[in-house]
Structures are given as structure tokens and as C-alpha cells.
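*Asks:* Sending over coords.csv (CSV, C-alpha atoms and all ligand atoms).
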```csv
chain,number,residue,atom,x,y,z
A,1,MET,CA,0.0,0.0,0.0
A,2,LYS,CA,1.3,3.5,-0.9
A,3,ASN,CA,2.3,5.6,2.1
A,4,LYS,CA,-0.1,8.5,2.3
A,5,ARG,CA,2.4,10.7,4.2
A,6,GLU,CA,4.3,12.4,1.5
A,7,LYS,CA,5.5,15.9,2.4
A,8,ILE,CA,8.4,17.2,4.4
A,9,GLY,CA,7.1,19.6,7.0
A,10,VAL,CA,9.4,22.4,8.0
A,11,PHE,CA,8.7,25.0,10.6
A,12,ASP,CA,10.2,28.1,12.3
A,13,SER,CA,9.1,31.3,14.0
A,14,GLY,CA,9.3,33.0,10.6
A,15,LEU,CA,11.8,33.6,7.9
A,16,GLY,CA,14.7,31.8,9.6
A,17,GLY,CA,13.5,28.4,8.4
A,18,LEU,CA,14.2,29.5,4.8
A,19,SER,CA,17.9,29.2,5.4
A,20,ILE,CA,17.3,25.4,6.1
A,21,LEU,CA,14.6,25.0,3.4
A,22,LYS,CA,16.9,26.4,0.7
A,23,GLU,CA,19.6,23.9,1.4
A,24,LEU,CA,17.0,21.0,1.7
A,25,ARG,CA,15.5,21.8,-1.7
A,26,LYS,CA,19.0,21.8,-3.2
A,27,LEU,CA,19.7,18.4,-1.7
A,28,LEU,CA,16.3,16.8,-2.2
A,29,PRO,CA,14.7,18.7,-5.2
A,30,ASN,CA,12.1,16.0,-5.9
A,31,GLU,CA,10.5,16.1,-2.5
A,32,ASP,CA,7.3,18.1,-1.7
A,33,TYR,CA,7.5,20.6,1.2
A,34,LEU,CA,5.2,22.3,3.5
A,35,PHE,CA,6.8,25.3,5.1
A,36,TYR,CA,5.0,26.7,8.2
A,37,GLU,CA,6.2,30.2,9.1
A,38,ASP,CA,4.9,31.0,12.5
A,39,SER,CA,5.5,34.8,12.3
A,40,ILE,CA,2.7,35.6,14.6
A,41,HIS,CA,4.6,34.0,17.5
A,42,ASN,CA,8.0,35.5,16.6
A,43,PRO,CA,10.3,35.8,18.6
A,44,TYR,CA,10.5,32.3,20.1
A,45,GLY,CA,13.8,33.3,21.6
A,46,GLU,CA,12.1,35.1,24.6
A,47,LYS,CA,9.1,32.8,25.3
A,48,THR,CA,8.8,30.5,28.2
A,49,LYS,CA,9.3,26.8,27.8
A,50,GLU,CA,5.6,26.2,28.5
A,51,GLU,CA,4.5,28.6,25.8
A,52,LEU,CA,6.9,27.1,23.3
A,53,LEU,CA,5.7,23.6,24.0
A,54,GLU,CA,2.1,24.6,23.4
A,55,ILE,CA,3.0,26.5,20.2
A,56,THR,CA,5.2,23.7,18.8
A,57,SER,CA,2.7,20.9,19.7
A,58,ASN,CA,0.0,22.8,17.8
A,59,ILE,CA,2.3,23.1,14.8
A,60,VAL,CA,3.2,19.4,14.9
A,61,ASP,CA,-0.5,18.5,15.1
A,62,TYR,CA,-1.1,20.6,12.0
A,63,LEU,CA,1.8,19.2,10.0
A,64,LEU,CA,0.7,15.6,10.8
A,65,LYS,CA,-2.8,16.4,9.8
A,66,GLU,CA,-1.4,17.7,6.5
A,67,GLN,CA,0.3,14.3,6.0
A,68,CYS,CA,3.9,15.2,6.6
A,69,LYS,CA,6.2,12.1,6.7
A,70,ILE,CA,9.0,13.9,8.6
A,71,ILE,CA,9.1,17.2,10.6
A,72,VAL,CA,12.1,19.5,10.4
A,73,ILE,CA,12.3,21.9,13.3
A,74,ALA,CA,14.2,24.6,11.4
A,75,CYS,CA,14.7,26.6,14.6
A,76,ASN,CA,17.4,26.3,17.2
A,77,THR,CA,15.2,27.7,19.9
A,78,ALA,CA,12.3,25.3,19.4
A,79,THR,CA,14.8,22.4,19.1
A,80,THR,CA,16.9,23.2,22.2
A,81,CYS,CA,13.8,23.9,24.3
A,82,CYS,CA,11.2,21.4,23.1
A,83,MET,CA,12.7,18.6,21.0
A,84,LYS,CA,13.0,16.0,23.8
A,85,GLU,CA,9.4,16.6,24.9
A,86,LEU,CA,8.1,16.5,21.4
A,87,ARG,CA,9.8,13.2,20.7
A,88,LYS,CA,8.1,11.8,23.8
A,89,LYS,CA,4.7,13.2,22.9
A,90,TYR,CA,4.9,12.0,19.3
A,91,PRO,CA,6.8,8.7,19.5
A,92,ASP,CA,5.9,7.6,15.9
A,93,THR,CA,6.9,10.9,14.3
A,94,ILE,CA,10.4,11.4,12.8
A,95,PHE,CA,11.8,14.7,13.9
A,96,VAL,CA,15.0,16.4,12.7
A,97,GLY,CA,16.1,19.4,14.8
A,98,THR,CA,18.5,22.3,14.4
A,99,VAL,CA,21.2,23.0,16.9
A,100,PRO,CA,24.2,25.4,16.8
A,101,ALA,CA,26.9,23.7,14.6
A,102,ILE,CA,29.5,23.6,17.4
A,103,LYS,CA,30.9,20.3,16.0
A,104,VAL,CA,31.7,22.0,12.7
A,105,ALA,CA,33.7,24.7,14.4
A,106,TYR,CA,35.6,21.9,16.2
A,107,ASP,CA,36.1,19.9,13.0
A,108,ASN,CA,37.5,23.1,11.4
A,109,HIS,CA,40.1,23.4,14.2
A,110,CYS,CA,38.7,26.8,15.2
A,111,LYS,CA,40.4,28.2,18.3
A,112,LYS,CA,38.2,31.0,19.4
A,113,THR,CA,34.5,30.6,18.5
A,114,ILE,CA,31.6,32.9,19.1
A,115,ILE,CA,28.2,31.1,19.4
A,116,LEU,CA,25.6,33.7,18.6
A,117,SER,CA,22.1,32.5,19.4
A,118,THR,CA,18.7,33.6,20.9
A,119,PRO,CA,18.4,34.2,24.6
A,120,ASN,CA,16.6,30.8,25.1
A,121,THR,CA,19.1,28.8,23.0
A,122,MET,CA,22.0,30.4,24.8
A,123,LYS,CA,20.9,29.3,28.2
A,124,SER,CA,19.6,25.9,27.1
A,125,LYS,CA,20.8,22.6,28.6
A,126,ARG,CA,21.2,21.3,25.0
A,127,VAL,CA,24.0,23.9,24.2
A,128,ASP,CA,25.8,22.8,27.4
A,129,GLU,CA,25.6,19.2,26.3
A,130,LEU,CA,26.9,20.1,22.8
A,131,LEU,CA,29.9,22.0,24.4
A,132,HIS,CA,30.5,19.1,26.7
A,133,ASP,CA,30.5,16.6,23.7
A,134,TYR,CA,32.5,18.6,21.2
A,135,LYS,CA,34.5,21.4,22.7
A,136,LYS,CA,38.2,20.7,23.0
A,137,ASN,CA,40.6,22.0,25.7
A,138,ASP,CA,42.3,24.4,23.4
A,139,GLN,CA,39.1,25.8,22.0
A,140,GLU,CA,37.7,29.0,23.5
A,141,ILE,CA,34.0,29.6,23.3
A,142,ILE,CA,32.3,33.0,23.7
A,143,ASN,CA,28.6,32.6,24.2
A,144,ILE,CA,26.6,35.6,23.0
A,145,SER,CA,22.9,36.3,23.1
A,146,GLY,CA,21.7,37.8,19.9
A,147,GLU,CA,18.9,39.6,21.9
A,148,ASN,CA,16.1,40.6,19.6
A,149,LEU,CA,18.2,40.2,16.4
A,150,ALA,CA,15.8,37.5,15.0
A,151,ASN,CA,12.9,39.9,15.4
A,152,LEU,CA,14.8,42.7,13.7
A,153,ILE,CA,15.6,40.4,10.8
A,154,GLU,CA,11.9,39.4,10.6
A,155,GLN,CA,11.1,43.1,10.3
A,156,ASP,CA,13.9,43.8,7.9
A,157,LYS,CA,15.3,46.7,10.0
A,158,LYS,CA,18.7,46.9,8.4
A,159,GLU,CA,20.1,49.9,10.3
A,160,GLU,CA,19.1,48.6,13.8
A,161,ILE,CA,20.5,45.2,12.8
A,162,ASN,CA,23.8,46.8,12.0
A,163,GLN,CA,24.0,48.7,15.3
A,164,LEU,CA,23.1,45.7,17.3
A,165,LEU,CA,25.7,43.5,15.5
A,166,LYS,CA,28.4,46.1,16.2
A,167,ARG,CA,27.4,46.3,19.8
A,168,LEU,CA,27.5,42.6,20.3
A,169,LEU,CA,30.5,41.7,18.2
A,170,ASN,CA,32.9,44.6,18.1
A,171,ASP,CA,34.9,43.5,21.2
A,172,TYR,CA,35.8,40.2,19.5
A,173,LYS,CA,36.3,41.2,15.9
A,174,GLU,CA,40.1,41.0,16.1
A,175,GLU,CA,40.4,37.7,18.0
A,176,ALA,CA,37.5,35.4,17.0
A,177,ASP,CA,38.3,33.1,14.2
A,178,SER,CA,34.8,31.7,13.8
A,179,ILE,CA,31.2,32.4,14.6
A,180,VAL,CA,28.5,29.8,14.8
A,181,LEU,CA,25.2,31.2,13.7
A,182,GLY,CA,23.0,29.5,16.3
A,183,CYS,CA,19.7,30.9,15.0
A,184,THR,CA,18.3,30.1,11.6
A,185,HIS,CA,17.4,33.7,11.0
A,186,TYR,CA,21.1,34.8,11.1
A,187,PRO,CA,22.3,33.2,7.9
A,188,LEU,CA,19.9,35.5,6.1
A,189,ILE,CA,22.1,38.4,7.1
A,190,LYS,CA,25.4,36.7,6.5
A,191,ASP,CA,26.9,39.6,4.5
A,192,GLN,CA,26.1,42.1,7.3
A,193,ILE,CA,27.6,39.9,9.9
A,194,GLN,CA,30.7,39.3,7.9
A,195,LYS,CA,31.2,43.0,7.4
A,196,VAL,CA,31.2,43.5,11.2
A,197,ILE,CA,33.5,40.6,11.9
A,198,PRO,CA,35.6,40.2,8.7
A,199,ASN,CA,38.2,37.7,10.0
A,200,ALA,CA,35.8,35.1,11.3
A,201,ILE,CA,34.5,32.2,9.3
A,202,LEU,CA,30.7,31.9,9.5
A,203,ILE,CA,29.2,28.5,10.3
A,204,ASP,CA,25.6,27.5,10.1
A,205,SER,CA,23.6,24.4,10.4
A,206,SER,CA,21.7,24.1,7.2
A,207,ILE,CA,23.9,21.5,5.4
A,208,GLY,CA,24.1,19.3,8.5
A,209,VAL,CA,20.3,19.4,9.0
A,210,SER,CA,19.7,18.7,5.3
A,211,ASN,CA,22.0,15.7,5.3
A,212,GLU,CA,20.3,14.3,8.4
A,213,VAL,CA,16.9,14.7,6.8
A,214,LYS,CA,18.1,12.7,3.7
A,215,ARG,CA,19.6,10.1,6.0
A,216,GLN,CA,16.4,9.6,8.0
A,217,LEU,CA,14.2,9.4,4.9
A,218,LYS,CA,16.5,6.8,3.4
A,219,GLU,CA,16.7,4.8,6.5
A,220,ASN,CA,13.0,4.8,6.9
A,221,ASN,CA,12.4,4.1,3.2
A,222,LEU,CA,10.5,7.3,2.7
A,223,LEU,CA,12.5,9.1,0.0
A,224,LYS,CA,10.1,10.2,-2.8
A,225,ASP,CA,10.4,8.0,-5.9
A,226,SER,CA,10.0,10.6,-8.6
A,227,GLU,CA,12.1,12.5,-11.2
A,228,GLU,CA,9.8,15.5,-11.2
A,229,GLU,CA,10.6,18.7,-9.3
A,230,GLY,CA,8.7,18.7,-6.0
A,231,GLN,CA,6.2,21.2,-4.9
A,232,LEU,CA,6.5,23.8,-2.1
A,233,THR,CA,3.6,25.3,-0.1
A,234,ILE,CA,4.3,28.1,2.3
A,235,ILE,CA,1.9,29.3,5.0
A,236,ASN,CA,2.3,32.2,7.2
A,237,THR,CA,0.4,32.5,10.5
A,238,LYS,CA,0.5,36.3,10.6
A,239,ASP,CA,0.1,37.8,7.2
A,240,LYS,CA,-0.3,36.1,3.8
A,241,LYS,CA,1.7,39.0,2.2
A,242,LEU,CA,4.8,37.8,3.9
A,243,ILE,CA,4.7,34.7,1.8
A,244,ASN,CA,5.8,36.7,-1.3
A,245,ARG,CA,8.8,37.9,0.6
A,246,SER,CA,9.8,34.3,1.5
A,247,TRP,CA,9.6,33.3,-2.2
A,248,GLU,CA,11.9,36.2,-3.1
A,249,ILE,CA,14.4,35.1,-0.5
A,250,LEU,CA,14.3,31.5,-1.8
A,251,GLU,CA,14.8,32.6,-5.3
A,252,LYS,CA,17.7,34.9,-4.5
A,253,LYS,CA,21.1,33.2,-5.4
A,301,LIG,N1,14.9,31.1,14.0
A,301,LIG,C1,14.8,30.7,15.3
A,301,LIG,C2,16.1,30.0,15.9
A,301,LIG,O1,16.8,29.3,15.1
A,301,LIG,C3,14.0,31.5,16.3
A,301,LIG,C4,14.2,32.9,16.4
A,301,LIG,C5,13.2,33.6,17.3
A,301,LIG,O2,12.0,33.5,17.0
A,301,LIG,O3,13.6,34.1,18.3
A,301,LIG,O4,16.3,30.0,17.0
```
Spell out the structure here as C-alpha cells.
*Replies:*
Amino acid sequence: MKNKREKIGVFDSGLGGLSILKELRKLLPNEDYLFYEDSIHNPYGEKTKEELLEITSNIVDYLLKEQCKIIVIACNTATTCCMKELRKKYPDTIFVGTVPAIKVAYDNHCKKTIILSTPNTMKSKRVDELLHDYKKNDQEIINISGENLANLIEQDKKEEINQLLKRLLNDYKEEADSIVLGCTHYPLIKDQIQKVIPNAILIDSSIGVSNEVKRQLKENNLLKDSEEEGQLTIINTKDKKLINRSWEILEKK
């Protein structure tokens, strides 16, 4: 019998998920996607765990009702705060989460690494676990909260973004050799970040997440068997007009 569940469900508190979705569609172009942009609840980075659990459970219910075969949490905040609970609550669902790519910084032999993430991700137990697993003795980590950066990106406030980046990063711009973008919104302003901290390599999670999605689909025999280009549906919980902006971002090289 043909499996009815056919789409890859991807969600985030807004635009940020696009940085993951873009990479996923490059790697798995024949798959169908449903991207759930939860802009009405942005920013996730400052919500309580209880609020986030309720919000993310509702999204998972929706994506399952829409016949998603796998759910990609394209958000570090939702992953670090809720992934364990979601896995318990939905034991038959395949989840792939997003965490700051600390391992990539280690694999690249980086010596002084900034982890820039939302306030919730920064103080999460999951980030402590990642540091415990991957950080080496000669690697220095500087944990920085991006404050309301994700929200400013969501609102496209270029000048405020620039000022905030300078305030957060100026002190480290000579010494840091790498910066882990621990929020999926941040890769969307890569060029602006690089200008403020020109000597650091920028590391994000999109390739790692996409490879893991492919691995999970293969392992569970769920890869779509088709040569045709897949379809993408985007929904936005705040304003339908924001969907056009997302398409523009996806189409930009
Ligand atoms: N893009 C999200 C992340 O990766 C959440 C940003 C927010 O809503 O605060 O953490």
C-alpha cells in the first residue's frame, strides 16, 4: 500500500526556516515541502518553555494532519527547548532538529569561536551538552545572546540590525576566528555579519540538517520515488503577504 504521508514539514518562528529550506531543496529537489512560518509567534527566543511547548505541539498536530512524513524543526530555539518533549509526545513521528553547529567549528580546528544565538538557546541545557560533547581543551567559546536580532531580521530593520551587530561583536572582531550562527534567522544576514567581523568564518547548520533529513528518509524508506521537481507550499500565521517575501528570499542566489 502506498504511504499516504508524502510531504516534508518544516517550521520556524518566521523567515529563519528559509535558510534550512533552501539547502534542503538543493539536496532533495524532488520532494514536496510544506513550510510553516509562525511569524505571529515571533520571537520564540524570549518565550517560556511552556509557551513554546504549546506552540510547537500545535504546529506538529497541524503538520501531521497535513500528511507530513517527517518534521524538520528549522529553529534552534524550538529544538533546544522542546525537541526532547516533542519526541516523547509523538513517538511515531520522525523529527530532525537544528542546533548550533559547534561540532563543525571543532572539526575546522577553530580556536576562538563565538556562538551567537537567541536568549533561550544560549541558556539551554542542550547547548551545554553540545559543548561538553565537542569542545576541546584548546578551543575558547564565547557565548553571546543575539537579543532581539531575529525579530529585527523578521522586520527587515537593516540599520538597527547593523547597530546591534556592532554592539554585540565589536569587542571580539580581532580575535575570534569563527562564529557559529545559532539561530536560523542569522544566515539570512550573513553579509552584514561578515562586514562587522571580517576575519571570522561563518558556520551555520543548514547543510548538516539537510544531510540528516536525507539520511532519515533513506533509513525509513521514505524518499520520494520521482524524477519530477517537488512542490513547495508556504503558509504564514501572521500575514499572507509575507509569503511573497519568502519566495523572493528562496529565489535569490
Ligand atoms: N529562527 C529561530 C532559531 O533558530 C528562532 C528565532 C526567534 O523566533 O527568536 O532560534
*Asks:* Grab me every residue within 9 Å of ligand LIG 301 (chain A), counting only C-alpha atoms and all ligand atoms, and send it over as a ChimeraX atom specification.
*Replies:* /A:12-17,38-39,41-47,73-80,98-100,117-121,147-151,154,181-186
*Asks:* Name the closest residue to Lys218 of chain A among the candidates A:Leu164, A:Ile142, A:Ile179, A:Ile70; distances are taken between atoms, counting all atoms listed in the file.
*Replies:*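 Between A:Leu164, A:Ile142, A:Ile179, A:Ile70, the residue approaching Lys218 of chain A most closely is A:Ile70.
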*Asks:* When you count all atoms listed in the file, which of these residues is closest to Glu50 of chain A: A:Ser178, A:Cys81, A:Ser210, A:Ile20?
*Replies:*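 Selected residue with least distance to Glu50 of chain A: A:Cys81.
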*Asks:* For the atom pair atom CA of Glu23 of chain A and atom CA of Val213 of chain A, what is the interatomic distance in Å to one decimal place?
*Replies:* 11.0 Å
*Asks:* Could you check which of A:Ile207, A:Ile59, A:Leu202, A:Leu21 is closest to Leu116 of chain A, using all atoms listed in the file?
*Replies:*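 Going through A:Ile207, A:Ile59, A:Leu202, A:Leu21 one by one, the smallest distance to Leu116 of chain A is for A:Leu202.
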*Asks:* Could you jot down the atom CA of Asp225 of chain A to atom CA of Val60 of chain A separation for me, Å, one decimal place?
*Replies:*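 Taking atom CA of Asp225 of chain A as the start and atom CA of Val60 of chain A as the end point, the length is 24.8 Å.
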*Asks:* Can you measure atom CA of Ser246 of chain A to atom CA of Ile55 of chain A for me? One decimal in Å is fine.
*Replies:*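 Here the two named atoms are 21.4 Å from each other.
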*Asks:* If we count only C-alpha atoms, what is near Asp138 of chain A at a cut-off of 12 Å, once residues fewer than 4 positions away on the same chain are taken out, given as a ChimeraX atom specification?
*Replies:* /A:106,109-113,134
*Asks:* Can you pull out every residue within 8 Å of Asn143 of chain A, counting only C-alpha atoms, but drop anything in the same chain fewer than 5 positions away, and send it as a PyMOL selection string?
*Replies:* chain A and resi 114-116+122
*Asks:* Kindly assemble as JSON lines a list of the segment 171-210 of chain A residues that lie within 9 Å of segment 101-104 of chain A, each paired with its nearest atom pair and their distance in Å to one decimal, using all atoms listed in the file, sorted first by chain and then by ascending residue number.
*Replies:*
```
{"residue": "A:Val180", "atom": "CA", "partner": "A:Ala101", "partner_atom": "CA", "distance": 6.3}
{"residue": "A:Leu181", "atom": "CA", "partner": "A:Ala101", "partner_atom": "CA", "distance": 7.7}
{"residue": "A:Gly182", "atom": "CA", "partner": "A:Ala101", "partner_atom": "CA", "distance": 7.2}
{"residue": "A:Ile203", "atom": "CA", "partner": "A:Ala101", "partner_atom": "CA", "distance": 6.8}
{"residue": "A:Asp204", "atom": "CA", "partner": "A:Ala101", "partner_atom": "CA", "distance": 6.0}
{"residue": "A:Ser205", "atom": "CA", "partner": "A:Ala101", "partner_atom": "CA", "distance": 5.4}
{"residue": "A:Gly208", "atom": "CA", "partner": "A:Ala101", "partner_atom": "CA", "distance": 8.0}
```
*Asks:* Determine, counting all atoms listed in the file, which protein, DNA and RNA residues have an atom within 12 Å of an atom of Ile71 of chain A; residues of the same chain fewer than 6 positions away are not included. Present the result as an MDAnalysis selection string.
*Replies:* chainID A and resid 5:12 21 33:36 56:57 59:65 79 83 86:87 90 92:98 209:210 212:213 216:217
*Asks:* Give the answer as one residue: which of A:Lys224, A:Lys89, A:Lys166, A:Lys157 has the shortest atom-to-atom distance to Val196 of chain A, using only C-alpha atoms?
*Replies:*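 Of the candidates, the smallest distance to Val196 of chain A is held by A:Lys166.
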*Asks:* Using all atoms listed in the file, which of the listed residues (A:Ile189, A:Arg215, A:Glu129, A:Asp177) sits closest to Ile201 of chain A?
*Replies:* A:Asp177
*Asks:* Which of these, A:Asp133, A:Glu174, A:Glu54, A:Asp156, has the shortest distance to Leu188 of chain A once you count all atoms listed in the file?
*Replies:*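 Looking at the shortest contact to Leu188 of chain A, the residue is A:Asp156.
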*Asks:* Kindly add N, CA and C atoms to the incomplete segment 179-212 of chain A and provide the output as a tab-separated table (two decimals), in the frame of the given file.
*Replies:*
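This went into rebuild08.tsv:
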```tsv
chain	number	residue	atom	x	y	z
A	179	ILE	N	32.44	32.10	13.88
A	179	ILE	CA	31.20	32.40	14.60
A	179	ILE	C	30.11	31.44	14.12
A	180	VAL	N	29.56	30.76	15.12
A	180	VAL	CA	28.50	29.80	14.80
A	180	VAL	C	27.18	30.53	14.88
A	181	LEU	N	26.45	30.48	13.77
A	181	LEU	CA	25.20	31.20	13.70
A	181	LEU	C	24.10	30.24	14.29
A	182	GLY	N	23.83	30.45	15.58
A	182	GLY	CA	23.00	29.50	16.30
A	182	GLY	C	21.49	29.91	16.30
A	183	CYS	N	21.08	30.55	15.25
A	183	CYS	CA	19.70	30.90	15.00
A	183	CYS	C	19.48	30.88	13.53
A	184	THR	N	18.43	30.23	13.05
A	184	THR	CA	18.30	30.10	11.60
A	184	THR	C	17.98	31.39	10.88
A	185	HIS	N	17.59	32.41	11.62
A	185	HIS	CA	17.40	33.70	11.00
A	185	HIS	C	18.77	34.34	10.59
A	186	TYR	N	19.81	34.06	11.34
A	186	TYR	CA	21.10	34.80	11.10
A	186	TYR	C	21.75	34.54	9.78
A	187	PRO	N	21.68	33.31	9.20
A	187	PRO	CA	22.30	33.20	7.90
A	187	PRO	C	21.69	34.09	6.81
A	188	LEU	N	20.49	34.58	7.06
A	188	LEU	CA	19.90	35.50	6.10
A	188	LEU	C	20.54	36.85	6.05
A	189	ILE	N	21.34	37.16	7.09
A	189	ILE	CA	22.10	38.40	7.10
A	189	ILE	C	23.60	38.18	7.14
A	190	LYS	N	23.99	37.06	6.52
A	190	LYS	CA	25.40	36.70	6.50
A	190	LYS	C	26.34	37.83	6.11
A	191	ASP	N	25.97	38.53	5.04
A	191	ASP	CA	26.90	39.60	4.50
A	191	ASP	C	27.06	40.68	5.56
A	192	GLN	N	25.97	41.05	6.22
A	192	GLN	CA	26.10	42.10	7.30
A	192	GLN	C	26.94	41.64	8.43
A	193	ILE	N	26.77	40.38	8.82
A	193	ILE	CA	27.60	39.90	9.90
A	193	ILE	C	29.05	39.84	9.54
A	194	GLN	N	29.31	39.36	8.31
A	194	GLN	CA	30.70	39.30	7.90
A	194	GLN	C	31.39	40.62	7.83
A	195	LYS	N	30.63	41.67	7.49
A	195	LYS	CA	31.20	43.00	7.40
A	195	LYS	C	31.66	43.46	8.84
A	196	VAL	N	30.88	43.11	9.85
A	196	VAL	CA	31.20	43.50	11.20
A	196	VAL	C	32.36	42.70	11.78
A	197	ILE	N	32.47	41.46	11.34
A	197	ILE	CA	33.50	40.60	11.90
A	197	ILE	C	34.23	39.87	10.73
A	198	PRO	N	35.05	40.65	9.98
A	198	PRO	CA	35.60	40.20	8.70
A	198	PRO	C	36.53	38.98	8.78
A	199	ASN	N	37.20	38.80	9.93
A	199	ASN	CA	38.20	37.70	10.00
A	199	ASN	C	37.65	36.37	10.39
A	200	ALA	N	36.40	36.33	10.79
A	200	ALA	CA	35.80	35.10	11.30
A	200	ALA	C	35.14	34.28	10.18
A	201	ILE	N	35.26	32.94	10.24
A	201	ILE	CA	34.50	32.20	9.30
A	201	ILE	C	33.06	31.98	9.89
A	202	LEU	N	32.05	32.02	9.03
A	202	LEU	CA	30.70	31.90	9.50
A	202	LEU	C	30.20	30.46	9.31
A	203	ILE	N	29.64	29.91	10.38
A	203	ILE	CA	29.20	28.50	10.30
A	203	ILE	C	27.75	28.40	10.62
A	204	ASP	N	27.00	27.74	9.73
A	204	ASP	CA	25.60	27.50	10.10
A	204	ASP	C	25.20	26.08	9.92
A	205	SER	N	23.96	25.76	10.28
A	205	SER	CA	23.60	24.40	10.40
A	205	SER	C	22.85	23.78	9.23
A	206	SER	N	22.65	24.58	8.19
A	206	SER	CA	21.70	24.10	7.20
A	206	SER	C	22.16	22.87	6.40
A	207	ILE	N	23.46	22.74	6.14
A	207	ILE	CA	23.90	21.50	5.40
A	207	ILE	C	23.79	20.30	6.29
A	208	GLY	N	24.18	20.45	7.56
A	208	GLY	CA	24.10	19.30	8.50
A	208	GLY	C	22.65	18.84	8.65
A	209	VAL	N	21.73	19.79	8.79
A	209	VAL	CA	20.30	19.40	9.00
A	209	VAL	C	19.80	18.71	7.71
A	210	SER	N	20.15	19.27	6.55
A	210	SER	CA	19.70	18.70	5.30
A	210	SER	C	20.19	17.26	5.10
A	211	ASN	N	21.46	17.05	5.39
A	211	ASN	CA	22.00	15.70	5.30
A	211	ASN	C	21.32	14.73	6.20
A	212	GLU	N	20.99	15.20	7.40
A	212	GLU	CA	20.30	14.30	8.40
A	212	GLU	C	18.89	13.99	7.90
```
